[in-house]
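Trainee: Just passing along the structure, written as structure tokens.
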Amino acid sequence: MIRALSGQLLLGLINGSFYALLSLGLAIIFGLLEVVNFAHGAQYMMGAFLAWMGLTYLGVGYWWALLLVPAAVGLSGVAVERVLLRRLQGLDPLYGLLLTFGLALVIEGAFHQAYGNSGSSYPVPEALRGGFDLGFVYLPRYRAWVVLVSASVCFFSWFIIERTRLGAYLRAGTENRRLLQAFGVNVPFMFTVTYGFGAALAAFAGVMAAPVYQVNPLMGSSLIMVVFAVVVIGGMGSILGAILTGLGIGLVEGLTKFLYPPAASVVVFAIMALVLLFRPAGLFGRPR
Amino acid sequence: MTPPLYERPVFWGYVALVAVGVAAPFVVYPVFAMNVLVMALFASAFNLLLGYAGLLSFGHAAFLGSAAYVTGYAAKALGLPVLAAVPLGVALAALLGLLFGLLALRRSGIYFAMITLGFAQVVYFSVLQMPWTGGEDGLQGIPRGSVLGLDLGNRFEMYYFVYGVFLGAFLLIHRTIESPFGHVLRAIRENEPRALSLGYDVERYKLVAFVLSAALSGLAGSLKALTLQFATLGDVTWQRSGEVVLMTLLGGMGTVVGPSVGALLVLTLENYLASLGSWVTVITGVVFVVMVMAFRRGVVGEVRALVRRSF
């Protein structure tokens, strides 16, 4: 009983770590560019897939993938921002959503065409195999690693945004980008870097996810819906809010899977409805 | 003073629409023509919301699909006649629209899009898990029955029934767009605070538009279930919601005939490319990107701009 519950909660914590990483990236991109990055799920999927392809075709291991794949996807994000998103500046933000939706379809369609529906599994790296028996739950070493790393990445991002000069620029740009530009900050360059960083973060989450979930072309699209709901629940105004909501939703999903499994896939949307009813700006959002 | 009917372009537009509609089943495969009509209705209902109220719903498949399932179930398992099964589907879609609208309209812009997407996922998972919907298989063998002496089993009679309903709904949408109500919607789209300060109950206008759009999408879904004689999980997926956005964007959002043109183009494209597998998704995505980057007015909007420039 206790074992089953804590097993589900642990799984929820893992899922929550990924929700947190992804909603963090979405929140950073949205904060500055006012673009809802629909391609975030596809970039996450690309991360997992490139890691798998690197291992299968080139023999590039997990540790190198963790470094190289986010860099590659980040660069592709830079290109997308420079070539496409930049030209939509000043238009209704809906166009940014539609554009990134189109990009997501292109990426997912291409991978689906090449690899079909079936998933491939990615081996857990040598150093992280095995696990610990904590008495009430068995904790695989890799899962502990996922929680630890995503927590540090989240903390690191929070630190950069809230405590450094670069972060101050970012926050200032979120408040009023024209004023920031008037102070001589290269805002267009910041836009490019921010989108690239967000894409790299999604890909990083993807590499981390490869040994946990099945690597398949549709792994991102189902996840992105939940992450969107997480963002609505948390409110996009706060970085810390995005992280905490992500983890919290993961745990609630785990709990639901234990109590009433059929509801696990919709509980996040039910919470979203409740939040809209009682706190429309989101748990951590500021009403405008 | 309004000019006489025959001097107005709108009149001739409708004459052309009727002529094409009546001739269509003799030129193309009737089931394809019906499918185009159904999706054209769906896209027109969606455009009422996106093109005129400026609300991007990313979950409209929920209304299409749930109405298709309800109508299918009512006709097949309960043996209800068409005239009861279709209104039942429409009523459910309207009710869902009211529920989603009340919640989702508490936020605007891109949040609205994300929220409607989330609610549509709830409908998707519900349809997948409920005992009467047939899960992954969907509902099959839905009887068409008959209506007002028309034997809908005959595909020509079925076509003209679908066409009649389409024409009625199209007229209703057109009338709504041109009505004072439609103009208030446009005012809200252009500048919400101004509409509010002029004393319009903005929330209520948006909600009415949302429910109307949901109900008409439901009508499209009910007709779709009868046309194809099955209701599938595909009609409640987010891909279907994305497809209707594409149709509207491609044809021209905020134009009366744009969505129908978009539906015709998208379905024709899908019909010809069906053998290409997932490349269809890639091409769809490319069309999205090209439309957003270069042709935001859509086919009808661009043609209209071209005509205006040259006269």
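As shown in the structure tokens, the chain order sets the letters A, B, ...; within each chain, residues go from 1, and ligands are also counted from 1 in the order they appear.
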What's the 9 Å shell around Val90 in chain B, counting only C-alpha atoms, without same-chain residues fewer than 6 positions away, as a VMD selection string?

Mentor: chain B and resid 63 67 70 to 71 214 to 222

Trainee: May I have the residues from that selection written out with C-alpha atoms, as a tab-separated table (two decimals), in the first residue's frame?

Mentor:
```
chain	number	residue	atom	x	y	z
B	63	PHE	CA	-17.45	20.42	-30.22
B	67	ALA	CA	-21.58	16.12	-31.35
B	70	VAL	CA	-23.76	11.89	-29.56
B	71	THR	CA	-25.57	11.95	-32.90
B	214	ALA	CA	-19.62	25.76	-30.59
B	215	ALA	CA	-23.21	24.87	-31.51
B	216	LEU	CA	-22.57	25.32	-35.23
B	217	SER	CA	-19.38	23.27	-34.95
B	218	GLY	CA	-21.54	20.64	-33.30
B	219	LEU	CA	-23.96	20.80	-36.22
B	220	ALA	CA	-21.01	20.13	-38.53
B	221	GLY	CA	-19.98	17.20	-36.34
B	222	SER	CA	-23.49	15.69	-36.33
```

Trainee: Please determine the contact residues of chain A with respect to chain B at a cut-off of 7 Å, counting only C-alpha atoms, and supply them as number ranges by chain.

Mentor: A: 94-95, 99, 102-103, 105-106, 109-110, 112-113, 225, 228-229, 232, 266, 269, 273, 276-277, 280

Trainee: Could you write out, as number ranges by chain, all the residues of range 5-252 of chain A that DSSP marks as alpha helix (DSSP H)?

Mentor: A: 5-33, 40-53, 62-83, 93-115, 141-163, 165-175, 177-182, 187-209, 219-234, 239-252

Trainee: Please extract the residues of range 20-254 of chain A with a backbone DSSP assignment of strand (DSSP E or B) and present them as a CSV table (one decimal) with all heavy atoms, in the first residue's frame.

Mentor:
```csv
chain,number,residue,atom,x,y,z
A,120,SER,N,11.7,3.8,-29.4
A,120,SER,CA,12.9,3.1,-29.2
A,120,SER,C,13.4,3.4,-27.8
A,120,SER,O,13.0,4.5,-27.3
A,120,SER,CB,14.0,3.7,-30.2
A,120,SER,OG,13.4,4.1,-31.3
A,131,GLY,N,20.2,1.1,-8.1
A,131,GLY,CA,19.3,2.0,-7.3
A,131,GLY,C,19.5,1.8,-5.8
A,131,GLY,O,20.3,1.0,-5.4
A,132,PHE,N,18.7,2.5,-5.1
A,132,PHE,CA,18.7,2.3,-3.6
A,132,PHE,C,17.3,1.9,-3.1
A,132,PHE,O,16.3,2.3,-3.6
A,132,PHE,CB,19.0,3.7,-2.9
A,132,PHE,CG,20.0,4.5,-3.7
A,132,PHE,CD1,19.5,5.6,-4.5
A,132,PHE,CD2,21.3,4.4,-3.5
A,132,PHE,CE1,20.4,6.4,-5.2
A,132,PHE,CE2,22.2,5.2,-4.2
A,132,PHE,CZ,21.7,6.2,-5.0
A,133,ASP,N,17.3,1.0,-2.2
A,133,ASP,CA,16.0,0.6,-1.6
A,133,ASP,C,15.9,1.4,-0.3
A,133,ASP,O,16.7,1.3,0.6
A,133,ASP,CB,16.0,-0.9,-1.2
A,133,ASP,CG,14.6,-1.4,-1.0
A,133,ASP,OD1,13.7,-0.5,-0.8
A,133,ASP,OD2,14.4,-2.6,-1.2
A,138,TYR,N,11.6,1.8,-3.8
A,138,TYR,CA,12.9,1.5,-4.5
A,138,TYR,C,13.2,2.7,-5.4
A,138,TYR,O,12.3,3.0,-6.3
A,138,TYR,CB,12.8,0.2,-5.3
A,138,TYR,CG,14.0,-0.1,-6.1
A,138,TYR,CD1,15.2,-0.6,-5.4
A,138,TYR,CD2,14.1,0.1,-7.5
A,138,TYR,CE1,16.3,-0.8,-6.1
A,138,TYR,CE2,15.3,-0.1,-8.2
A,138,TYR,CZ,16.4,-0.6,-7.5
A,138,TYR,OH,17.5,-0.9,-8.2
A,139,LEU,N,14.3,3.3,-5.2
A,139,LEU,CA,14.6,4.5,-6.0
A,139,LEU,C,15.8,4.2,-7.0
A,139,LEU,O,16.9,4.1,-6.6
A,139,LEU,CB,15.1,5.6,-5.0
A,139,LEU,CG,15.6,6.9,-5.7
A,139,LEU,CD1,14.5,7.6,-6.4
A,139,LEU,CD2,16.1,7.8,-4.6
A,140,PRO,N,15.4,4.1,-8.3
A,140,PRO,CA,16.5,3.8,-9.3
A,140,PRO,C,17.4,5.0,-9.3
A,140,PRO,O,17.0,6.2,-9.2
A,140,PRO,CB,15.7,3.7,-10.6
A,140,PRO,CG,14.3,3.5,-10.2
A,140,PRO,CD,14.1,4.2,-8.9
A,215,VAL,N,11.5,6.8,-26.5
A,215,VAL,CA,11.8,7.8,-27.5
A,215,VAL,C,10.9,7.6,-28.7
A,215,VAL,O,11.1,6.7,-29.4
A,215,VAL,CB,13.3,7.8,-27.9
A,215,VAL,CG1,13.5,8.9,-28.9
A,215,VAL,CG2,14.1,8.0,-26.7
```

Trainee: Give the answer as one residue: which of A:Val60, A:Val124, A:Leu66, A:Ala209 has the shortest atom-to-atom distance to Val147 in chain A, using only C-alpha atoms?

Mentor: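 So, comparing all the options, the nearest one is A:Ala209.
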
Trainee: Could you check which of B:Ala231, B:Leu250, B:Val300, B:Ala274 is closest to Glu136 in chain B, using only C-alpha atoms?

Mentor: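 Closest to Glu136 in chain B, using only C-alpha atoms: B:Ala231.
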
Trainee: When you count only C-alpha atoms, which of these residues is closest to Leu267 in chain B: B:Leu198, B:Phe32, B:Pro9, B:Pro193?

Mentor: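 The closest residue to Leu267 in chain B is B:Phe32.
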